[in-house]
Each structure stands twice: as structure tokens, then as C-alpha cells.
file target28.csv (CSV, C-alpha atoms)
chain,number,residue,atom,x,y,z
I,1,MET,CA,68.2,174.1,116.5
I,2,ARG,CA,70.2,173.7,113.3
I,3,VAL,CA,69.5,177.3,112.3
I,4,SER,CA,70.5,178.7,115.6
I,5,GLU,CA,73.7,176.7,115.5
I,6,GLU,CA,74.5,178.1,112.0
I,7,LEU,CA,73.9,181.6,113.2
I,8,ARG,CA,76.2,181.1,116.2
I,9,SER,CA,78.9,179.8,113.8
I,10,TYR,CA,78.8,183.2,112.1
I,11,TRP,CA,79.0,185.3,115.2
I,12,LYS,CA,82.8,184.8,115.7
I,13,PRO,CA,83.8,185.8,112.2
I,14,LEU,CA,81.3,188.7,112.2
I,15,SER,CA,82.6,190.1,115.5
I,16,GLU,CA,86.2,189.7,114.3
I,17,SER,CA,85.4,191.6,111.1
I,18,VAL,CA,83.6,194.4,113.0
I,19,LEU,CA,86.5,194.7,115.4
I,20,ALA,CA,88.9,194.8,112.4
I,21,ILE,CA,86.9,197.6,110.9
I,22,LEU,CA,87.0,199.6,114.1
I,23,ILE,CA,90.8,199.1,114.4
I,24,GLY,CA,91.3,200.2,110.8
I,25,VAL,CA,89.2,203.3,111.3
I,26,PHE,CA,91.0,204.1,114.5
I,27,VAL,CA,94.5,203.7,113.0
I,28,GLY,CA,93.5,205.7,110.0
I,29,ALA,CA,92.2,208.5,112.2
I,30,LEU,CA,95.5,208.4,114.2
I,31,VAL,CA,97.5,208.7,111.0
I,32,LEU,CA,95.4,211.7,109.9
I,33,TRP,CA,95.7,213.4,113.3
I,34,LEU,CA,99.5,212.9,113.4
I,35,SER,CA,99.7,214.3,109.9
I,36,GLY,CA,97.8,217.4,111.0
I,37,TYR,CA,94.5,216.8,109.3
I,38,ASP,CA,91.0,216.8,110.8
I,39,ALA,CA,90.1,213.1,111.0
I,40,ALA,CA,86.5,213.7,112.0
I,41,ALA,CA,85.9,216.0,109.0
I,42,ALA,CA,87.7,213.5,106.7
I,43,TYR,CA,85.6,210.6,107.8
I,44,ARG,CA,82.4,212.6,107.6
I,45,ALA,CA,83.3,213.5,104.0
I,46,LEU,CA,84.0,209.8,103.2
I,47,LEU,CA,80.6,208.7,104.5
I,48,GLN,CA,79.0,211.6,102.6
I,49,GLY,CA,80.6,210.7,99.4
I,50,SER,CA,79.6,207.0,99.7
I,51,PHE,CA,76.2,207.1,101.4
I,52,GLY,CA,75.3,210.8,101.8
I,53,SER,CA,72.6,210.9,99.1
I,54,VAL,CA,70.5,208.5,97.0
I,55,GLY,CA,72.8,209.1,94.1
I,56,ASN,CA,76.0,208.5,96.0
I,57,PHE,CA,74.6,205.3,97.6
I,58,ALA,CA,73.4,204.1,94.2
I,59,GLU,CA,76.9,204.6,92.7
I,60,THR,CA,78.5,202.8,95.6
I,61,LEU,CA,76.2,199.8,95.0
I,62,SER,CA,76.7,200.0,91.3
I,63,LYS,CA,80.5,199.9,91.4
I,64,SER,CA,80.4,197.0,94.0
I,65,THR,CA,78.6,194.7,91.6
I,66,PRO,CA,81.6,193.2,89.6
I,67,LEU,CA,83.7,193.1,92.8
I,68,ILE,CA,81.0,190.9,94.5
I,69,LEU,CA,81.0,188.5,91.6
I,70,THR,CA,84.8,188.2,91.2
I,71,ALA,CA,85.2,187.9,94.9
I,72,ILE,CA,83.0,184.8,94.8
I,73,THR,CA,85.3,183.3,92.3
I,74,PHE,CA,88.2,183.5,94.6
I,75,ALA,CA,86.1,182.4,97.6
I,76,ILE,CA,84.9,179.2,95.9
I,77,GLY,CA,88.5,178.4,95.1
I,78,ALA,CA,89.7,179.1,98.7
I,79,ARG,CA,86.9,176.9,100.1
I,80,THR,CA,88.1,174.1,97.8
I,81,GLY,CA,91.7,174.5,98.7
I,82,LEU,CA,92.7,176.5,95.6
I,83,PHE,CA,94.2,179.9,95.1
I,84,ASN,CA,92.3,180.7,92.0
I,85,ILE,CA,93.3,184.2,90.7
I,86,GLY,CA,92.0,183.7,87.2
I,87,ALA,CA,88.8,185.8,87.6
I,88,GLU,CA,90.4,188.6,85.7
I,89,GLY,CA,90.6,186.7,82.4
I,90,ALA,CA,87.1,185.3,82.8
I,91,VAL,CA,85.8,188.9,83.3
I,92,TYR,CA,87.3,189.9,79.9
I,93,PHE,CA,85.7,187.0,78.1
I,94,GLY,CA,82.4,187.4,79.8
I,95,ALA,CA,82.2,190.9,78.6
I,96,ILE,CA,83.3,190.0,75.1
I,97,ALA,CA,80.7,187.2,75.0
I,98,ALA,CA,77.9,189.5,76.1
I,99,VAL,CA,78.8,192.1,73.5
I,100,ALA,CA,79.1,189.6,70.7
I,101,THR,CA,76.0,187.5,71.5
I,102,THR,CA,73.6,190.5,72.0
I,103,GLN,CA,74.4,191.9,68.6
I,104,THR,CA,72.3,189.0,67.2
I,105,LEU,CA,69.9,187.9,69.9
I,106,GLN,CA,69.4,191.3,71.4
I,107,ASP,CA,68.0,190.3,74.8
I,108,PRO,CA,69.5,190.4,78.3
I,109,LEU,CA,69.2,186.7,79.0
I,110,SER,CA,71.4,185.8,76.0
I,111,GLY,CA,74.1,188.2,77.2
I,112,ILE,CA,74.0,186.8,80.8
I,113,LEU,CA,74.0,183.2,79.7
I,114,SER,CA,76.9,183.7,77.2
I,115,GLY,CA,78.9,185.5,79.9
I,116,LEU,CA,78.3,182.6,82.3
I,117,LEU,CA,79.3,180.0,79.7
I,118,MET,CA,82.4,181.8,78.4
I,119,GLY,CA,83.7,182.5,81.9
I,120,ALA,CA,83.4,178.7,82.7
I,121,LEU,CA,85.0,177.7,79.4
I,122,TRP,CA,88.0,180.0,80.1
I,123,MET,CA,88.7,178.3,83.4
I,124,ILE,CA,88.9,174.8,81.8
I,125,PRO,CA,92.6,175.2,80.8
I,126,ALA,CA,93.6,176.1,84.3
I,127,ALA,CA,91.5,173.2,85.7
I,128,VAL,CA,93.0,170.7,83.3
I,129,LEU,CA,96.6,171.9,84.1
I,130,LYS,CA,95.9,171.6,87.8
I,131,VAL,CA,94.1,168.2,87.8
I,132,TYR,CA,96.1,166.3,85.2
I,133,ARG,CA,99.5,168.0,85.2
I,134,GLY,CA,99.8,169.3,88.7
I,135,VAL,CA,100.5,172.9,87.6
I,136,HIS,CA,99.9,175.3,90.4
I,137,GLU,CA,96.8,177.4,89.8
I,138,VAL,CA,98.6,180.6,90.7
I,139,ILE,CA,101.1,180.1,87.9
I,140,SER,CA,98.5,179.0,85.3
I,141,THR,CA,95.9,181.6,86.1
I,142,ILE,CA,98.4,184.5,86.1
I,143,MET,CA,99.7,183.5,82.7
I,144,LEU,CA,96.2,182.9,81.3
I,145,ASN,CA,95.0,186.3,82.5
I,146,TRP,CA,97.5,187.9,80.2
I,147,VAL,CA,96.5,185.6,77.4
I,148,ALA,CA,92.9,186.6,77.9
I,149,PHE,CA,93.8,190.2,78.0
I,150,PHE,CA,95.5,190.2,74.6
I,151,ILE,CA,92.9,188.0,72.9
I,152,ALA,CA,90.0,190.1,74.3
I,153,SER,CA,91.8,193.3,73.3
I,154,TRP,CA,92.3,191.9,69.7
I,155,LEU,CA,88.6,191.0,69.5
I,156,ALA,CA,87.6,194.4,70.8
I,157,LEU,CA,89.7,196.1,68.2
I,158,SER,CA,88.7,193.9,65.2
I,159,ALA,CA,85.6,191.8,65.1
I,160,LEU,CA,83.7,193.9,67.7
I,161,ALA,CA,85.2,197.3,66.9
I,162,ASN,CA,82.7,200.2,66.7
I,163,PRO,CA,83.1,202.0,63.3
I,164,GLN,CA,81.6,205.1,64.8
I,165,ASN,CA,83.8,205.3,67.9
I,166,GLN,CA,87.4,204.0,67.9
I,167,ASN,CA,87.5,204.1,71.7
I,168,SER,CA,85.0,201.3,72.3
I,169,THR,CA,83.4,198.2,70.9
I,170,VAL,CA,80.0,198.1,69.3
I,171,PRO,CA,77.5,198.9,72.1
I,172,ILE,CA,75.0,196.5,73.7
I,173,PRO,CA,71.7,196.9,71.7
I,174,PRO,CA,69.0,198.8,73.7
I,175,GLY,CA,66.9,195.7,74.0
I,176,ALA,CA,69.6,193.8,75.7
I,177,ARG,CA,70.6,196.4,78.3
I,178,LEU,CA,69.8,195.9,82.0
I,179,PRO,CA,67.3,198.4,83.3
I,180,LEU,CA,68.4,201.1,85.7
I,181,LEU,CA,67.1,201.0,89.3
I,182,VAL,CA,67.8,204.7,90.0
I,183,GLN,CA,67.6,207.3,87.4
I,184,ASN,CA,70.6,209.5,86.6
I,185,SER,CA,72.9,206.9,88.1
I,186,THR,CA,74.7,203.7,86.9
I,187,LEU,CA,72.8,201.4,89.4
I,188,SER,CA,71.1,198.8,87.3
I,189,LEU,CA,69.6,195.4,87.7
I,190,ALA,CA,73.2,194.1,87.6
I,191,PHE,CA,73.5,194.7,91.3
I,192,VAL,CA,70.4,192.6,92.0
I,193,ILE,CA,71.9,189.9,89.8
I,194,SER,CA,75.1,189.9,91.8
I,195,VAL,CA,73.3,189.5,95.1
I,196,ILE,CA,71.2,186.7,93.7
I,197,ALA,CA,74.3,185.0,92.4
I,198,ALA,CA,75.9,185.3,95.9
I,199,ILE,CA,72.9,183.7,97.5
I,200,ILE,CA,72.8,180.9,94.9
I,201,VAL,CA,76.5,180.1,95.6
I,202,TYR,CA,75.9,180.2,99.3
I,203,VAL,CA,73.1,177.6,98.9
I,204,ILE,CA,75.2,175.4,96.7
I,205,MET,CA,78.3,175.6,99.0
I,206,TRP,CA,76.4,175.0,102.3
I,207,HIS,CA,73.2,173.2,101.5
I,208,THR,CA,74.0,170.8,98.7
I,209,ARG,CA,76.1,167.6,98.3
I,210,LEU,CA,78.3,169.3,95.7
I,211,GLY,CA,79.1,172.1,98.1
I,212,TYR,CA,79.9,169.7,100.9
I,213,GLU,CA,82.3,167.9,98.6
I,214,LEU,CA,84.0,171.1,97.6
I,215,ARG,CA,84.5,172.2,101.1
I,216,THR,CA,85.6,168.8,102.4
I,217,SER,CA,88.1,168.5,99.6
I,218,GLY,CA,89.4,171.9,100.5
I,219,GLN,CA,89.9,171.0,104.2
I,220,ASN,CA,91.6,167.6,103.6
I,221,PRO,CA,91.8,166.0,100.1
I,222,ARG,CA,93.1,162.7,101.5
I,223,ALA,CA,90.3,162.4,104.0
I,224,ALA,CA,87.7,163.4,101.4
I,225,GLU,CA,89.0,160.7,99.1
I,226,TYR,CA,88.7,158.1,101.9
I,227,GLY,CA,85.1,159.3,102.3
I,228,GLY,CA,84.2,158.6,98.7
I,229,ILE,CA,84.7,162.1,97.4
I,230,ASN,CA,86.7,162.8,94.3
I,231,PRO,CA,89.0,165.8,95.0
I,232,ARG,CA,89.9,166.2,91.3
I,233,ALA,CA,86.2,166.5,90.4
I,234,ALA,CA,85.8,169.0,93.2
I,235,MET,CA,88.6,171.1,91.8
I,236,VAL,CA,87.1,171.1,88.3
I,237,TRP,CA,83.7,172.2,89.7
I,238,SER,CA,85.4,174.9,91.7
I,239,PHE,CA,87.0,176.3,88.6
I,240,LEU,CA,83.9,176.1,86.5
I,241,ILE,CA,81.5,177.7,89.1
I,242,GLY,CA,84.1,180.4,89.8
I,243,GLY,CA,84.5,181.1,86.1
I,244,MET,CA,80.8,181.5,85.7
I,245,THR,CA,80.6,184.2,88.4
I,246,ALA,CA,83.6,186.0,86.9
I,247,GLY,CA,82.2,185.8,83.4
I,248,LEU,CA,78.9,187.1,84.7
I,249,ALA,CA,80.7,190.1,86.2
I,250,GLY,CA,82.1,191.0,82.8
I,251,ALA,CA,78.7,190.5,81.1
I,252,VAL,CA,76.7,192.7,83.5
I,253,GLN,CA,79.4,195.3,83.6
I,254,VAL,CA,78.9,196.1,79.9
I,255,MET,CA,75.1,195.4,79.9
I,256,GLY,CA,74.2,197.5,82.9
I,257,ILE,CA,76.6,200.5,82.9
I,258,PRO,CA,75.5,203.6,80.9
I,259,PRO,CA,76.2,205.6,78.8
I,260,SER,CA,78.4,203.5,76.6
I,261,TYR,CA,77.2,199.9,77.2
I,262,SER,CA,80.4,198.7,75.6
I,263,ILE,CA,84.0,197.7,76.3
I,264,SER,CA,86.3,200.7,76.4
I,265,GLN,CA,89.6,200.9,74.6
I,266,GLY,CA,92.2,198.9,76.4
I,267,LEU,CA,89.5,197.0,78.3
I,268,ALA,CA,89.6,199.9,80.7
I,269,ASN,CA,86.0,199.5,82.1
I,270,VAL,CA,86.5,195.8,82.8
I,271,TYR,CA,90.1,195.8,83.9
I,272,GLY,CA,91.3,195.0,87.5
I,273,TYR,CA,88.0,193.6,88.9
I,274,GLY,CA,89.4,190.1,89.2
I,275,PHE,CA,92.4,191.2,91.3
I,276,ASP,CA,90.3,193.6,93.5
I,277,GLY,CA,87.9,190.7,94.1
I,278,ILE,CA,90.7,188.9,96.0
I,279,GLY,CA,90.7,191.6,98.6
I,280,VAL,CA,86.9,191.7,98.8
I,281,SER,CA,86.8,188.0,99.3
I,282,LEU,CA,89.2,188.2,102.2
I,283,ILE,CA,87.3,191.0,103.7
I,284,GLY,CA,84.1,188.9,103.4
I,285,ARG,CA,85.9,185.9,105.0
I,286,ASN,CA,85.5,183.9,101.8
I,287,HIS,CA,81.8,183.6,102.4
I,288,PRO,CA,79.3,184.5,99.6
I,289,LEU,CA,77.0,186.4,102.0
I,290,GLY,CA,79.8,188.2,103.7
I,291,ILE,CA,81.2,189.2,100.3
I,292,ILE,CA,78.0,191.2,99.5
I,293,PHE,CA,78.7,193.5,102.4
I,294,ALA,CA,82.5,193.4,101.8
I,295,GLY,CA,82.0,194.6,98.2
I,296,ILE,CA,79.9,197.5,99.3
I,297,LEU,CA,82.4,198.5,102.0
I,298,PHE,CA,85.3,198.2,99.6
I,299,ASP,CA,83.7,200.5,97.0
I,300,ALA,CA,82.4,202.9,99.7
I,301,LEU,CA,86.0,203.6,100.5
I,302,ASN,CA,86.8,204.3,96.9
I,303,ALA,CA,83.6,206.3,96.3
I,304,GLY,CA,84.3,208.5,99.4
I,305,ALA,CA,87.9,209.3,98.4
I,306,THR,CA,87.1,212.3,96.2
I,307,GLN,CA,84.8,213.8,98.9
I,308,MET,CA,87.6,213.3,101.5
I,309,GLN,CA,90.0,215.3,99.4
I,310,GLN,CA,87.7,218.3,99.6
I,311,THR,CA,88.5,218.6,103.3
I,312,GLY,CA,92.1,219.3,102.4
I,313,VAL,CA,93.5,215.8,102.7
I,314,PRO,CA,95.7,215.1,99.7
I,315,LEU,CA,95.0,212.1,97.4
I,316,GLU,CA,98.1,210.2,98.6
I,317,MET,CA,97.0,210.4,102.2
I,318,VAL,CA,93.5,209.4,101.2
I,319,LYS,CA,94.9,206.2,99.6
I,320,VAL,CA,97.0,205.6,102.7
I,321,ILE,CA,93.8,205.7,104.9
I,322,GLU,CA,92.0,203.4,102.4
I,323,GLY,CA,94.8,201.0,102.5
I,324,ILE,CA,95.0,200.9,106.3
I,325,ILE,CA,91.3,200.2,106.6
I,326,ILE,CA,91.3,197.5,103.9
I,327,VAL,CA,94.3,195.7,105.2
I,328,ALA,CA,92.9,195.8,108.8
I,329,VAL,CA,89.6,194.3,107.6
I,330,ALA,CA,91.2,191.7,105.3
I,331,VAL,CA,93.7,190.4,108.0
I,332,PRO,CA,91.2,188.0,109.7
I,333,GLY,CA,90.2,186.5,106.3
I,334,LEU,CA,93.9,186.2,105.3
I,335,LEU,CA,94.7,184.4,108.6
I,336,ASP,CA,91.7,182.0,108.0
I,337,LEU,CA,93.1,181.3,104.5
I,338,PHE,CA,96.6,180.6,105.7
I,339,THR,CA,95.4,178.5,108.6
I,340,LYS,CA,93.3,176.4,106.3
I,341,PHE,CA,96.2,175.7,103.9
I,342,LEU,CA,98.5,174.9,106.8
I,343,ARG,CA,96.0,172.4,108.3
I,344,ARG,CA,95.3,170.6,105.1
I,345,GLY,CA,96.5,167.0,105.1
I,346,PRO,CA,99.0,165.5,102.6
I,347,GLN,CA,98.0,166.0,99.0

call {"tool": "encode", "arguments": {"input": "target28.csv", "output": "C-alpha cells"}}
result
Amino acid sequence: MRVSEELRSYWKPLSESVLAILIGVFVGALVLWLSGYDAAAAYRALLQGSFGSVGNFAETLSKSTPLILTAITFAIGARTGLFNIGAEGAVYFGAIAAVATTQTLQDPLSGILSGLLMGALWMIPAAVLKVYRGVHEVISTIMLNWVAFFIASWLALSALANPQNQNSTVPIPPGARLPLLVQNSTLSLAFVISVIAAIIVYVIMWHTRLGYELRTSGQNPRAAEYGGINPRAAMVWSFLIGGMTAGLAGAVQVMGIPPSYSISQGLANVYGYGFDGIGVSLIGRNHPLGIIFAGILFDALNAGATQMQQTGVPLEMVKVIEGIIIVAVAVPGLLDLFTKFLRRGPQ
């Protein structure tokens, strides 16, 4: 009975998301048609570029990996009543930690654990500022993201610089690299790790006491406190768990993506995932399981963009269509988020 009730609770958000996808696709097709392009051919090309072959599908899954993990960071915060946008900084330090640790220990587990730990540690300043000084997490995490960027850039150019290649850090040793799942692609065990992480977070959030306390604190901190829950402790746990998933994103990004297995100059191959994760989380309705599919959808649109251009649609129009679909799909999650914050009781 409880399982069937839980499944029914997912039907409404699932149906709303499917409807939003259809609306986004229809509006995008209408824009293409009014602009004089063949919408059917453009969408066929998009699907071909994303899922049309084993290689294309593998690349779509590969590029969705860090997005899934950083989206979970935002989702945990949203469920706890926080607007945590600090995943970006945790990604940088997760990557730095993985590169540094594996130079000595040279095994995948050490890189993964160091990424988890460093991501959590980087969230502590924002958690302390929020809990003890009342500093809004949007302000603190935006500023800390830039602090993280410059510290990570300095480390990449100094302590971890590759003497044989000035455009990257020292590479992850072969023994610490994540195995590829599909040859001649970048799809590695990192994708499986991201899915497992999403499932673990789902279990924590919906099937443990800690998760209940996090979600209750997010719905109404005052009521949660009357019920014996410490909202401050819930906020700290939210930051720490979110930092772990973002740090893991940085770690697996450098441990599982050939051929360089390193951090590129300017942090180019780990930059932006924290911010993109916000959109993925909204598309997935801030639910860990929904985020898995949202991450794949988000990157499918990016992966199919090049193929769509081959039908004669210019890049600018391709980006417009991507934006229309993404916004349409994210709207239900955004409304959920705003509704939750408006309904929260007095702080």
C-alpha cells in the first residue's frame, strides 16, 4: 500500500514534466517553422546526434554525469529550504583533490574519497556563515565560487602543473583512472557512480530520519523545531551532503574523461557544471531520481545541437530552440521551488 501511494505521488510531477516537454518541443517547432526551417528535419537531426548511435548515446550519458551530481547539490539545498549555488566551487576542489591524491595513492577509490571530502569541506564556510551569522547562502556561495576558482587555478598552475604540457595539470595516473564502458568514447564508470550517488541520496532523503529532518526543516523550520528537529543542524548536513556530490562531480570528471585525465588550463573542463546543475535540478523537480533523466535530457539537447546545424539551422537558432525546451521543462520545478519558499513559516 505504501509503495503504491508513493508511486501515485510521483504521477502528478511526472505528467506535468512530460506535458512541459511536449509544450517546449511544440513551441520550438513553431519558432522553426515561422523562421522558414524544416522543424521535422531539425528534430530528427537532434535525436540522431544525441541517441542515433551507440557512440552518440554514450557521449550523451558521459556528459550528463557531472550535471547529475551538481544538480543533486542544488536539489538537497532546495529540499532543506536553501538556495545553495555553491556546487561550482566544490567541483573545482573535488577535481584538484582527485588529481593531487592519486599522484601518491594511485587508485580510483582514493580519488573518489578525496573528492567527496574536499567538496564537503569547501561547503563548511557557507554553512557556518548561514547558521551562525545569518548570511544568505546565495551571497556567500557566489563569492566563495570565485574564491574557489582562483585558488584552484593557482594550484593547477603551480603545485599540480604538468611540466610536459603547460595547458593542463599532471594527469591522473593510469591505475587511478575509471574504466571506460564503451570503447572509443568518453563514457566511463563515472556515469554509473553518478547514478548510484543519486539513488543513495534518494534513500537518505526519503527513507531515513536524517532525510525526514532535512525535508521537514525545508518546509517549515519553526514547526520542525517544535517537533524536536534542529533546523540549524539540518542546514549544515544539507551543505555537507551537497558538497560531497559536487566534489564527486569534479573528481570523476578528471578521473573518467579521456584522453587527458587532467584539469585543463583555466579549469575549462570542470567549469560551469555547478551552474548548469541548477537548471537540471529544476527540470528533475529537485528529486534525485528525476535528476538522472533530467541530466540526460539536458545534455541530449546540447549533444544534438551540432547535428541540427547540418540541416541548415544556424547555431543561434539552435540555441534558441534549446532554450525554449529547457525553460518549458524547468518551469514546473521553478514553480514548485517558489511555492515552497512562499509557504514556509516564519524563520

call {"tool": "atom_distance", "arguments": {"input": "target28.csv", "atom1": "CA of Ile283 in chain I", "atom2": "CA of Leu335 in chain I"}}
result
11.1 Å

call {"tool": "residues_around", "arguments": {"input": "target28.csv", "residues": "Gly295 in chain I", "least_positions_apart": "6", "cutoff": "12 Å", "atoms": "all atoms listed in the file", "output": "ChimeraX atom specification"}}
result
/I:60-72,191,194-195,198,273,276-289,301-303,326,330

call {"tool": "closest_residue", "arguments": {"input": "target28.csv", "among": "I:Ile76, I:Leu19, I:Leu109, I:Leu248", "to": "Leu210 in chain I", "atoms": "all atoms listed in the file"}}
result
I:Ile76

call {"tool": "residues_around", "arguments": {"input": "target28.csv", "residues": "range 42-52 of chain I", "least_positions_apart": "6", "cutoff": "7 Å", "atoms": "only C-alpha atoms", "output": "number ranges by chain"}}
result
I: 60, 300, 303-305, 307-308, 311

call {"tool": "closest_residue", "arguments": {"input": "target28.csv", "among": "I:Gly28, I:Gly86, I:Gly134, I:Pro258", "to": "Ala148 in chain I", "atoms": "all atoms listed in the file"}}
result
I:Gly86

call {"tool": "decode", "arguments": {"input": "target28.csv", "residues": "range 23-58 of chain I", "atoms": "C-alpha atoms", "output": "compact mmCIF listing (two decimals), in the first residue's frame"}}
result
# COMPACT_ATOMS: atom_id res chain seq x y z
CA ILE I 23 4.90 22.14 -24.97
CA GLY I 24 8.57 23.06 -25.30
CA VAL I 25 9.01 20.87 -28.37
CA PHE I 26 5.84 22.28 -29.95
CA VAL I 27 6.83 25.91 -29.32
CA GLY I 28 10.33 25.20 -30.64
CA ALA I 29 8.87 23.63 -33.78
CA LEU I 30 6.59 26.61 -34.25
CA VAL I 31 9.55 29.02 -33.99
CA LEU I 32 11.48 26.95 -36.55
CA TRP I 33 8.52 26.85 -38.93
CA LEU I 34 7.88 30.59 -38.65
CA SER I 35 11.59 31.18 -39.32
CA GLY I 36 11.41 29.15 -42.51
CA TYR I 37 13.21 25.99 -41.37
CA ASP I 38 12.13 22.35 -41.55
CA ALA I 39 11.23 21.57 -37.93
CA ALA I 40 10.79 17.83 -38.51
CA ALA I 41 14.24 17.50 -40.11
CA ALA I 42 15.81 19.61 -37.35
CA TYR I 43 14.34 17.47 -34.57
CA ARG I 44 15.31 14.26 -36.34
CA ALA I 45 18.87 15.55 -36.53
CA LEU I 46 18.80 16.47 -32.85
CA LEU I 47 17.69 12.96 -31.88
CA GLN I 48 20.25 11.44 -34.23
CA GLY I 49 23.04 13.49 -32.69
CA SER I 50 22.01 12.51 -29.15
CA PHE I 51 20.78 8.91 -29.42
CA GLY I 52 21.23 7.88 -33.07
CA SER I 53 24.15 5.52 -32.48
CA VAL I 54 25.89 3.73 -29.64
CA GLY I 55 28.69 6.28 -29.76
CA ASN I 56 26.34 9.27 -29.71
CA PHE I 57 24.29 7.81 -26.86
CA ALA I 58 27.47 7.04 -24.91
